[in-house]
>>> print(open('entry27.cif').read())   # mmCIF, C-alpha atoms and all ligand atoms
data_entry
loop_
_atom_site.group_PDB
_atom_site.id
_atom_site.type_symbol
_atom_site.label_atom_id
_atom_site.label_comp_id
_atom_site.auth_asym_id
_atom_site.auth_seq_id
_atom_site.Cartn_x
_atom_site.Cartn_y
_atom_site.Cartn_z
ATOM 1 C CA MET U 261 23.329 -1.768 1.553
ATOM 2 C CA LYS U 262 21.507 -0.290 4.541
ATOM 3 C CA SER U 263 18.062 -0.300 6.024
ATOM 4 C CA VAL U 264 15.957 2.872 5.830
ATOM 5 C CA LYS U 265 13.243 4.229 8.084
ATOM 6 C CA ASN U 266 10.538 6.849 7.625
ATOM 7 C CA LEU U 267 11.019 7.718 3.965
ATOM 8 C CA PRO U 268 8.939 10.796 3.142
ATOM 9 C CA LEU U 269 5.782 10.398 1.047
ATOM 10 C CA THR U 270 6.257 12.023 -2.374
ATOM 11 C CA ASP U 271 3.919 13.542 -4.950
ATOM 12 C CA LYS U 272 3.667 10.036 -6.467
ATOM 13 C CA CYS U 273 2.023 8.777 -3.265
ATOM 14 C CA HIS U 274 -1.753 9.241 -3.078
ATOM 15 C CA HIS U 275 -4.578 8.686 -0.655
ATOM 16 C CA TRP U 276 -7.635 9.243 -2.845
ATOM 17 C CA THR U 277 -10.868 9.802 -0.962
ATOM 18 C CA ASN U 278 -13.347 10.245 -3.806
ATOM 19 C CA LEU U 279 -13.772 8.806 -7.276
ATOM 20 C CA GLY U 280 -13.278 12.151 -8.990
ATOM 21 C CA GLU U 281 -9.610 12.205 -7.919
ATOM 22 C CA VAL U 282 -8.850 8.765 -9.339
ATOM 23 C CA PRO U 283 -7.472 8.368 -12.890
ATOM 24 C CA TRP U 284 -10.085 6.547 -14.988
ATOM 25 C CA ASP U 285 -7.922 3.460 -15.562
ATOM 26 C CA LEU U 286 -7.503 2.952 -11.798
ATOM 27 C CA GLN U 287 -11.114 3.532 -10.801
ATOM 28 C CA LYS U 288 -12.075 -0.152 -10.825
ATOM 29 C CA TYR U 289 -9.155 -0.926 -8.498
ATOM 30 C CA TRP U 290 -10.004 1.991 -6.189
ATOM 31 C CA GLN U 291 -13.588 0.661 -5.945
ATOM 32 C CA GLN U 292 -12.026 -2.465 -4.384
ATOM 33 C CA ARG U 293 -9.957 -0.449 -1.888
ATOM 34 C CA TYR U 294 -11.608 -1.925 1.213
ATOM 35 C CA THR U 295 -10.961 -5.476 0.003
ATOM 36 C CA ILE U 296 -7.345 -4.587 -0.713
ATOM 37 C CA PHE U 297 -6.795 -2.653 2.529
ATOM 38 C CA PRO U 298 -9.755 -2.782 4.957
ATOM 39 C CA TYR U 299 -8.127 0.121 6.860
ATOM 40 C CA TYR U 300 -7.890 2.227 3.677
ATOM 41 C CA ASP U 301 -9.657 5.169 5.321
ATOM 42 C CA ASN U 302 -7.052 5.293 8.103
ATOM 43 C CA GLY U 303 -4.647 6.834 5.592
ATOM 44 C CA ILE U 304 -3.370 4.105 3.259
ATOM 45 C CA TYR U 305 -1.173 5.550 0.496
ATOM 46 C CA MET U 306 -0.566 4.015 -2.917
ATOM 47 C CA THR U 307 1.410 4.909 -6.026
ATOM 48 C CA GLU U 308 -0.516 4.652 -9.293
ATOM 49 C CA GLU U 309 1.422 1.522 -10.357
ATOM 50 C CA ALA U 310 0.857 -0.143 -6.990
ATOM 51 C CA TRP U 311 -2.895 -0.541 -7.597
ATOM 52 C CA TYR U 312 -2.160 -3.125 -10.304
ATOM 53 C CA GLY U 313 0.105 -5.321 -8.208
ATOM 54 C CA VAL U 314 -0.827 -5.005 -4.539
ATOM 55 C CA THR U 315 -1.813 -8.208 -2.747
ATOM 56 C CA PRO U 316 -5.309 -7.905 -1.219
ATOM 57 C CA GLU U 317 -5.219 -8.265 2.555
ATOM 58 C CA PRO U 318 -7.390 -11.427 2.800
ATOM 59 C CA VAL U 319 -4.999 -13.169 0.400
ATOM 60 C CA ALA U 320 -1.912 -11.844 2.200
ATOM 61 C CA ILE U 321 -3.147 -13.089 5.569
ATOM 62 C CA HIS U 322 -4.154 -16.545 4.351
ATOM 63 C CA LEU U 323 -0.913 -16.868 2.468
ATOM 64 C CA VAL U 324 1.174 -16.323 5.618
ATOM 65 C CA TYR U 325 -0.571 -19.230 7.344
ATOM 66 C CA ASP U 326 0.102 -21.492 4.371
ATOM 67 C CA PHE U 327 3.665 -20.246 4.009
ATOM 68 C CA VAL U 328 4.534 -20.987 7.631
ATOM 69 C CA GLY U 329 2.873 -24.395 7.334
ATOM 70 C CA PHE U 330 4.810 -25.346 4.212
ATOM 71 C CA ILE U 331 8.274 -24.258 5.388
ATOM 72 C CA SER U 332 10.279 -25.902 8.143
ATOM 73 C CA PRO U 333 10.095 -24.389 11.655
ATOM 74 C CA GLU U 334 13.747 -23.315 11.686
ATOM 75 C CA LYS U 335 13.032 -20.708 8.967
ATOM 76 C CA ARG U 336 12.715 -17.700 11.251
ATOM 77 C CA THR U 337 13.649 -14.924 8.811
ATOM 78 C CA VAL U 338 11.661 -13.975 5.752
ATOM 79 C CA ILE U 339 12.706 -11.610 2.980
ATOM 80 C CA ASP U 340 9.998 -9.931 0.892
ATOM 81 C CA MET U 341 11.908 -9.342 -2.346
ATOM 82 C CA PHE U 342 9.339 -6.970 -3.910
ATOM 83 C CA ALA U 343 7.762 -5.103 -1.026
ATOM 84 C CA GLY U 344 5.554 -2.782 -3.101
ATOM 85 C CA VAL U 345 3.234 -0.778 -0.836
ATOM 86 C CA GLY U 346 3.466 -3.419 1.858
ATOM 87 C CA GLY U 347 0.548 -5.745 1.057
ATOM 88 C CA ASN U 348 2.536 -8.848 1.998
ATOM 89 C CA ALA U 349 5.209 -7.356 4.253
ATOM 90 C CA ILE U 350 2.550 -6.125 6.689
ATOM 91 C CA SER U 351 0.957 -9.575 7.024
ATOM 92 C CA LEU U 352 4.364 -11.231 7.337
ATOM 93 C CA ALA U 353 5.268 -8.787 10.130
ATOM 94 C CA MET U 354 1.987 -9.462 11.890
ATOM 95 C CA ALA U 355 3.099 -13.088 12.065
ATOM 96 C CA MET U 356 5.951 -11.931 14.329
ATOM 97 C CA GLU U 357 3.487 -11.202 17.109
ATOM 98 C CA GLU U 358 3.854 -13.305 20.245
ATOM 99 C CA ASP U 359 0.623 -15.230 20.204
ATOM 100 C CA GLU U 360 0.036 -18.911 20.799
ATOM 101 C CA CYS U 361 -2.238 -19.189 17.771
ATOM 102 C CA THR U 362 -0.114 -17.207 15.384
ATOM 103 C CA PRO U 363 2.838 -18.551 13.468
ATOM 104 C CA ARG U 364 5.937 -16.440 13.949
ATOM 105 C CA PHE U 365 8.966 -15.051 12.186
ATOM 106 C CA ASP U 366 11.786 -13.400 14.138
ATOM 107 C CA LYS U 367 12.816 -11.068 11.343
ATOM 108 C CA VAL U 368 11.085 -9.598 8.283
ATOM 109 C CA ILE U 369 13.181 -7.798 5.675
ATOM 110 C CA ALA U 370 11.271 -5.940 2.950
ATOM 111 C CA ILE U 371 13.118 -4.726 -0.162
ATOM 112 C CA GLU U 372 11.724 -2.282 -2.719
ATOM 113 C CA LEU U 373 13.402 -0.532 -5.634
ATOM 114 C CA ASP U 374 11.207 2.561 -5.862
ATOM 115 C CA PRO U 375 11.481 5.189 -3.083
ATOM 116 C CA SER U 376 7.900 6.494 -3.424
ATOM 117 C CA THR U 377 6.502 2.970 -3.273
ATOM 118 C CA LEU U 378 8.626 2.154 -0.228
ATOM 119 C CA ALA U 379 7.471 5.376 1.458
ATOM 120 C CA CYS U 380 3.855 4.217 0.950
ATOM 121 C CA ALA U 381 4.746 0.782 2.389
ATOM 122 C CA GLN U 382 6.262 2.326 5.508
ATOM 123 C CA ASN U 383 3.263 4.620 5.942
ATOM 124 C CA ASN U 384 0.853 1.693 5.485
ATOM 125 C CA ALA U 385 2.763 -0.564 7.869
ATOM 126 C CA ALA U 386 2.605 2.186 10.498
ATOM 127 C CA ILE U 387 -1.203 2.120 10.222
ATOM 128 C CA TYR U 388 -1.057 -1.582 11.111
ATOM 129 C CA GLY U 389 1.424 -0.891 13.920
ATOM 130 C CA VAL U 390 4.212 -2.961 12.351
ATOM 131 C CA ALA U 391 6.442 -0.373 10.611
ATOM 132 C CA ASP U 392 9.158 -0.696 13.247
ATOM 133 C CA LYS U 393 9.127 -4.487 13.133
ATOM 134 C CA ILE U 394 10.127 -4.574 9.480
ATOM 135 C CA ILE U 395 13.669 -3.962 8.268
ATOM 136 C CA TRP U 396 13.153 -1.868 5.134
ATOM 137 C CA VAL U 397 15.681 -1.776 2.311
ATOM 138 C CA LEU U 398 15.557 0.622 -0.628
ATOM 139 C CA GLY U 399 17.303 -1.148 -3.474
ATOM 140 C CA ASP U 400 17.529 -4.057 -5.888
ATOM 141 C CA SER U 401 16.677 -7.352 -4.191
ATOM 142 C CA PHE U 402 18.786 -9.371 -6.660
ATOM 143 C CA ASN U 403 21.768 -7.249 -5.701
ATOM 144 C CA PHE U 404 20.926 -7.846 -2.034
ATOM 145 C CA LEU U 405 21.120 -11.634 -2.550
ATOM 146 C CA LYS U 406 24.353 -11.303 -4.482
ATOM 147 C CA LEU U 407 25.931 -9.321 -1.639
ATOM 148 C CA LEU U 408 24.585 -11.765 0.940
ATOM 149 C CA ALA U 409 26.263 -14.656 -0.886
ATOM 150 C CA LYS U 410 29.512 -13.007 -1.964
ATOM 151 C CA SER U 411 30.223 -9.821 0.025
ATOM 152 C CA PRO U 412 28.153 -9.846 3.221
ATOM 153 C CA ASP U 413 30.445 -7.191 4.706
ATOM 154 C CA GLN U 414 28.786 -4.738 2.295
ATOM 155 C CA LEU U 415 25.473 -5.312 4.051
ATOM 156 C CA GLU U 416 24.492 -3.622 7.289
ATOM 157 C CA GLU U 417 24.891 -6.107 10.125
ATOM 158 C CA ASN U 418 21.194 -6.849 10.682
ATOM 159 C CA LEU U 419 20.840 -7.686 6.970
ATOM 160 C CA ARG U 420 23.508 -10.419 7.094
ATOM 161 C CA VAL U 421 21.051 -13.277 7.517
ATOM 162 C CA ASP U 422 21.841 -16.980 7.576
ATOM 163 C CA SER U 423 20.506 -18.609 4.391
ATOM 164 C CA ALA U 424 19.851 -21.840 6.290
ATOM 165 C CA THR U 425 17.232 -20.148 8.474
ATOM 166 C CA THR U 426 15.884 -17.736 5.871
ATOM 167 C CA THR U 427 13.036 -18.061 3.443
ATOM 168 C CA ILE U 428 12.026 -15.881 0.524
ATOM 169 C CA PHE U 429 8.695 -14.416 -0.495
ATOM 170 C CA ALA U 430 8.614 -12.947 -3.995
ATOM 171 C CA SER U 431 5.726 -11.141 -5.691
ATOM 172 C CA PRO U 432 7.461 -9.836 -8.804
ATOM 173 C CA PRO U 433 5.914 -7.539 -11.393
ATOM 174 C CA TRP U 434 3.834 -9.596 -13.865
ATOM 175 C CA GLY U 435 4.559 -7.561 -16.990
ATOM 176 C CA GLY U 436 4.999 -9.010 -20.410
ATOM 177 C CA PRO U 437 2.784 -10.150 -23.212
ATOM 178 C CA GLY U 438 -0.286 -12.090 -22.376
ATOM 179 C CA TYR U 439 -0.663 -12.510 -18.631
ATOM 180 C CA ARG U 440 -4.146 -10.971 -18.763
ATOM 181 C CA THR U 441 -5.283 -12.642 -21.955
ATOM 182 C CA ASP U 442 -3.466 -15.985 -22.310
ATOM 183 C CA GLU U 443 -5.307 -19.083 -21.140
ATOM 184 C CA ILE U 444 -1.971 -20.379 -19.864
ATOM 185 C CA PHE U 445 0.660 -17.771 -19.037
ATOM 186 C CA ASP U 446 4.139 -18.533 -20.298
ATOM 187 C CA LEU U 447 6.380 -17.668 -17.336
ATOM 188 C CA SER U 448 9.415 -17.432 -19.602
ATOM 189 C CA THR U 449 7.897 -14.220 -21.044
ATOM 190 C CA MET U 450 7.204 -12.546 -17.687
ATOM 191 C CA GLU U 451 8.937 -9.134 -17.524
ATOM 192 C CA PRO U 452 11.243 -7.805 -16.300
ATOM 193 C CA TYR U 453 12.133 -11.035 -14.418
ATOM 194 C CA ASN U 454 11.075 -14.381 -15.845
ATOM 195 C CA LEU U 455 10.756 -17.640 -13.926
ATOM 196 C CA ALA U 456 14.281 -18.783 -14.790
ATOM 197 C CA LYS U 457 15.792 -15.552 -13.444
ATOM 198 C CA LEU U 458 13.775 -15.766 -10.217
ATOM 199 C CA HIS U 459 14.605 -19.432 -9.686
ATOM 200 C CA GLU U 460 18.303 -18.915 -10.317
ATOM 201 C CA ALA U 461 18.372 -16.176 -7.664
ATOM 202 C CA TYR U 462 16.313 -18.027 -5.043
ATOM 203 C CA LYS U 463 17.066 -21.712 -5.526
ATOM 204 C CA THR U 464 19.355 -22.134 -2.508
ATOM 205 C CA MET U 465 16.543 -21.074 -0.148
ATOM 206 C CA ASP U 466 12.956 -22.185 0.359
ATOM 207 C CA HIS U 467 10.824 -19.688 -1.519
ATOM 208 C CA ALA U 468 7.253 -18.736 -2.299
ATOM 209 C CA LEU U 469 6.512 -17.256 -5.728
ATOM 210 C CA TYR U 470 3.363 -15.156 -6.112
ATOM 211 C CA LEU U 471 2.456 -15.588 -9.764
ATOM 212 C CA PRO U 472 -0.416 -14.956 -12.204
ATOM 213 C CA ARG U 473 -3.307 -17.367 -11.660
ATOM 214 C CA THR U 474 -2.962 -18.848 -15.155
ATOM 215 C CA SER U 475 0.780 -19.570 -14.833
ATOM 216 C CA ASP U 476 1.995 -22.665 -16.629
ATOM 217 C CA LEU U 477 2.239 -25.407 -13.985
ATOM 218 C CA ARG U 478 4.510 -27.490 -16.200
ATOM 219 C CA GLN U 479 7.146 -24.744 -16.057
ATOM 220 C CA ILE U 480 6.895 -24.636 -12.257
ATOM 221 C CA ALA U 481 7.116 -28.451 -12.027
ATOM 222 C CA LYS U 482 10.409 -28.367 -13.926
ATOM 223 C CA LEU U 483 12.003 -26.395 -11.059
ATOM 224 C CA VAL U 484 11.371 -29.163 -8.575
ATOM 225 C CA PRO U 485 13.824 -32.026 -8.019
ATOM 226 C CA ASP U 486 12.558 -35.471 -9.071
ATOM 227 C CA GLY U 487 10.355 -37.123 -6.478
ATOM 228 C CA VAL U 488 9.744 -33.941 -4.481
ATOM 229 C CA LYS U 489 6.127 -32.871 -4.012
ATOM 230 C CA ILE U 490 5.384 -29.140 -3.834
ATOM 231 C CA ASP U 491 2.307 -27.098 -3.010
ATOM 232 C CA VAL U 492 0.795 -24.671 -5.487
ATOM 233 C CA VAL U 493 -2.206 -22.746 -4.184
ATOM 234 C CA GLN U 494 -4.779 -20.554 -5.925
ATOM 235 C CA TYR U 495 -5.884 -17.633 -3.736
ATOM 236 C CA CYS U 496 -9.411 -16.397 -4.376
ATOM 237 C CA VAL U 497 -11.405 -13.381 -3.277
ATOM 238 C CA GLU U 498 -15.185 -13.477 -3.752
ATOM 239 C CA GLY U 499 -14.921 -16.564 -5.930
ATOM 240 C CA ALA U 500 -12.267 -15.285 -8.323
ATOM 241 C CA SER U 501 -8.635 -16.324 -8.228
ATOM 242 C CA LYS U 502 -6.264 -13.406 -7.655
ATOM 243 C CA ALA U 503 -2.989 -15.289 -7.879
ATOM 244 C CA MET U 504 -1.222 -18.616 -7.734
ATOM 245 C CA VAL U 505 1.536 -19.186 -5.191
ATOM 246 C CA ALA U 506 4.147 -21.902 -5.682
ATOM 247 C CA TYR U 507 5.959 -22.976 -2.513
ATOM 248 C CA ILE U 508 9.329 -24.250 -3.675
ATOM 249 C CA PRO U 509 11.889 -25.953 -1.437
ATOM 250 C CA ALA U 510 15.578 -25.119 -1.658
ATOM 251 C CA THR U 511 17.525 -27.201 -4.098
ATOM 252 C CA VAL U 512 20.066 -29.108 -2.062
ATOM 253 C CA GLN U 513 23.507 -28.456 -3.481
ATOM 254 C CA GLU U 514 25.655 -31.587 -3.611
ATOM 255 C CA PRO U 515 29.269 -30.952 -2.586
ATOM 256 C CA ALA U 516 31.344 -30.853 -5.809
ATOM 257 C CA GLY U 517 33.329 -34.015 -5.008
ATOM 258 C CA LYS U 518 30.223 -36.068 -4.266
ATOM 259 C CA ALA U 519 28.463 -34.997 -7.461
ATOM 260 C CA ASP U 520 31.548 -35.963 -9.486
ATOM 261 C CA ASP U 521 31.688 -39.374 -7.803
ATOM 262 C CA GLN U 522 28.061 -40.051 -8.713
ATOM 263 C CA SER U 523 28.458 -39.037 -12.301
ATOM 264 C CA MET U 524 31.307 -41.528 -12.630
ATOM 265 C CA SER U 525 29.477 -44.517 -11.139
HETATM 266 C C1 LIG S 601 3.844 -6.639 -7.850
HETATM 267 S S1 LIG S 601 4.607 -5.354 -6.964
HETATM 268 C C2 LIG S 601 4.682 -6.019 -5.323
HETATM 269 C C3 LIG S 601 3.409 -5.810 -4.578
HETATM 270 C C4 LIG S 601 3.483 -6.115 -3.091
HETATM 271 N N1 LIG S 601 3.469 -7.528 -2.827
HETATM 272 C C5 LIG S 601 2.315 -5.449 -2.378
HETATM 273 O O1 LIG S 601 1.389 -6.159 -1.954
HETATM 274 O O2 LIG S 601 2.311 -4.214 -2.294
HETATM 275 C C6 LIG S 601 6.289 -5.476 -7.470
HETATM 276 C C7 LIG S 601 7.185 -4.417 -6.856
HETATM 277 O O3 LIG S 601 8.536 -4.786 -7.070
HETATM 278 C C8 LIG S 601 9.317 -3.626 -7.211
HETATM 279 N N2 LIG S 601 10.567 -4.062 -7.858
HETATM 280 C C9 LIG S 601 10.795 -4.313 -9.170
HETATM 281 N N3 LIG S 601 12.048 -4.769 -9.342
HETATM 282 C C10 LIG S 601 12.624 -4.834 -8.124
HETATM 283 C C11 LIG S 601 13.900 -5.248 -7.654
HETATM 284 N N4 LIG S 601 14.851 -5.686 -8.500
HETATM 285 N N5 LIG S 601 14.167 -5.191 -6.331
HETATM 286 C C12 LIG S 601 13.226 -4.742 -5.456
HETATM 287 N N6 LIG S 601 11.979 -4.332 -5.852
HETATM 288 C C13 LIG S 601 11.683 -4.388 -7.161
HETATM 289 C C14 LIG S 601 8.434 -2.694 -8.014
HETATM 290 O O4 LIG S 601 8.832 -1.348 -7.819
HETATM 291 C C15 LIG S 601 7.050 -3.011 -7.438
HETATM 292 O O5 LIG S 601 6.743 -2.123 -6.390
#
>>> encode(input="entry27.cif", output="structure tokens")
Amino acid sequence: MKSVKNLPLTDKCHHWTNLGEVPWDLQKYWQQRYTIFPYYDNGIYMTEEAWYGVTPEPVAIHLVYDFVGFISPEKRTVIDMFAGVGGNAISLAMAMEEDECTPRFDKVIAIELDPSTLACAQNNAAIYGVADKIIWVLGDSFNFLKLLAKSPDQLEENLRVDSATTTIFASPPWGGPGYRTDEIFDLSTMEPYNLAKLHEAYKTMDHALYLPRTSDLRQIAKLVPDGVKIDVVQYCVEGASKAMVAYIPATVQEPAGKADDQSMS
């Protein structure tokens, strides 16, 4: 797996400038374009699907401050597992700036499966002046983690990060029955990746999960070791919650021998 730069925008990438160009089902999202990306007019590009899942900039910025506060200071690398059009990756990269008041990461890796979406993300990050600070990967982020754990030699050198100093940000698609209508969203039905799949992939690293605002807290609580307190934050824009983020610490793996000893005592 390799990093990629400057992917070309495709005919799936759009910068709509008037309502007449916008498909009717996306018009309400386009009306919120300046909340989502205040620099929209500078040439922000989106795919049609991206309008449903992009993180609005005020949420993305606030989230980075919380994220850095909740994780330990030695976590200097962050991987955005579902980069989309860059809503979170851009804010994470802006936290790399040398600035006394700003929390910092040394490395931001952003992974996205869809080439048109990644092209939009790179274009959008360039508008914010951070495109070159982000290491972009076109591919499956679960495969990336598998290679990192089992065959790091198959990753380009700057992608071979140390899990001990790396943290994960994940804003997966929220598909599946009911996330818009259910009073409490059952995270086991989230598609294509449910909570169990995400947790299995991320559990050895501290991770932040960006989830529907009505997500079932009892399911999140079950991921946390006994006695450990975690933070779950609702992020609101103009009085309405946009998402819930669960900040989940790595599960400490007991060495096999030690775990066996305990189970025998
Ligand atoms: C909810 S969107 C992310 C939005 C992003 N946070 C933003 O603000 O633009 C989820 C994205 O994950 C991508 N995706 C889905 N499965 C993936 C995978 N296995 N690896 C990497 N990206 C994936 C989708 O193409 C989609 O762009």
>>> residues_around(input="entry27.cif", residues="Tyr470 (chain U)", least_positions_apart="5", cutoff="6 Å", atoms="all atoms listed in the file", output="list in words")
Ser431, Met504 and Val505 of chain U
>>> write_last_selection(input="entry27.cif", atoms="C-alpha atoms", output="PDB file, in the frame of the given file")
ATOM      1  CA  SER U 431       5.726 -11.141  -5.691  1.00  0.00           C
ATOM      2  CA  MET U 504      -1.222 -18.616  -7.734  1.00  0.00           C
ATOM      3  CA  VAL U 505       1.536 -19.186  -5.191  1.00  0.00           C
TER       4      VAL U 505
END
>>> closest_atom_pairs(input="entry27.cif", of="chain U", to="ligand LIG 601 (chain S)", cutoff="6 Å", atoms="all atoms listed in the file", output="CSV")
residue,atom,partner,partner_atom,distance
U:Gly313,CA,S:LIG601,C1,4.0
U:Val314,CA,S:LIG601,O1,3.6
U:Thr315,CA,S:LIG601,O1,3.9
U:Met341,CA,S:LIG601,C12,5.7
U:Phe342,CA,S:LIG601,O3,3.9
U:Ala343,CA,S:LIG601,C4,4.9
U:Gly344,CA,S:LIG601,O5,3.6
U:Val345,CA,S:LIG601,O2,3.8
U:Gly346,CA,S:LIG601,O2,4.4
U:Gly347,CA,S:LIG601,O1,3.2
U:Asn348,CA,S:LIG601,O1,4.9
U:Ile371,CA,S:LIG601,C12,5.3
U:Glu372,CA,S:LIG601,N6,3.8
U:Leu373,CA,S:LIG601,N6,4.1
U:Asp374,CA,S:LIG601,O4,5.0
U:Thr377,CA,S:LIG601,O5,6.0
U:Gly399,CA,S:LIG601,C12,5.8
U:Asp400,CA,S:LIG601,N5,3.6
U:Ser401,CA,S:LIG601,N5,3.9
U:Phe402,CA,S:LIG601,N4,5.7
U:Ser431,CA,S:LIG601,N1,5.1
U:Pro432,CA,S:LIG601,C6,4.7
U:Pro433,CA,S:LIG601,C1,4.2
>>> closest_residue(input="entry27.cif", among="U:Val282, U:Val368, U:Ile387, U:Ala355", to="Asp301 (chain U)", atoms="all atoms listed in the file")
U:Ile387
>>> closest_residue(input="entry27.cif", among="U:Val488, U:Thr464, U:Asn384, U:Gly435", to="Pro452 (chain U)", atoms="only C-alpha atoms")
U:Gly435
>>> atom_distance(input="entry27.cif", atom1="CA of Tyr300 (chain U)", atom2="CA of Phe429 (chain U)")
23.9 Å
>>> residues_around(input="entry27.cif", residues="Asp392 (chain U)", least_positions_apart="2", cutoff="10 Å", atoms="all atoms listed in the file", output="PyMOL selection string")
chain U and resi 265-266+353+382+385-386+389-390+394-396
>>> closest_residue(input="entry27.cif", among="U:Pro485, U:Pro268, U:Pro509, U:Gly280", to="Pro375 (chain U)", atoms="only C-alpha atoms")
U:Pro268
>>> atom_distance(input="entry27.cif", atom1="CA of Leu378 (chain U)", atom2="CA of Glu309 (chain U)")
12.4 Å
>>> atom_distance(input="entry27.cif", atom1="CA of Ala381 (chain U)", atom2="CA of Thr441 (chain U)")
29.6 Å
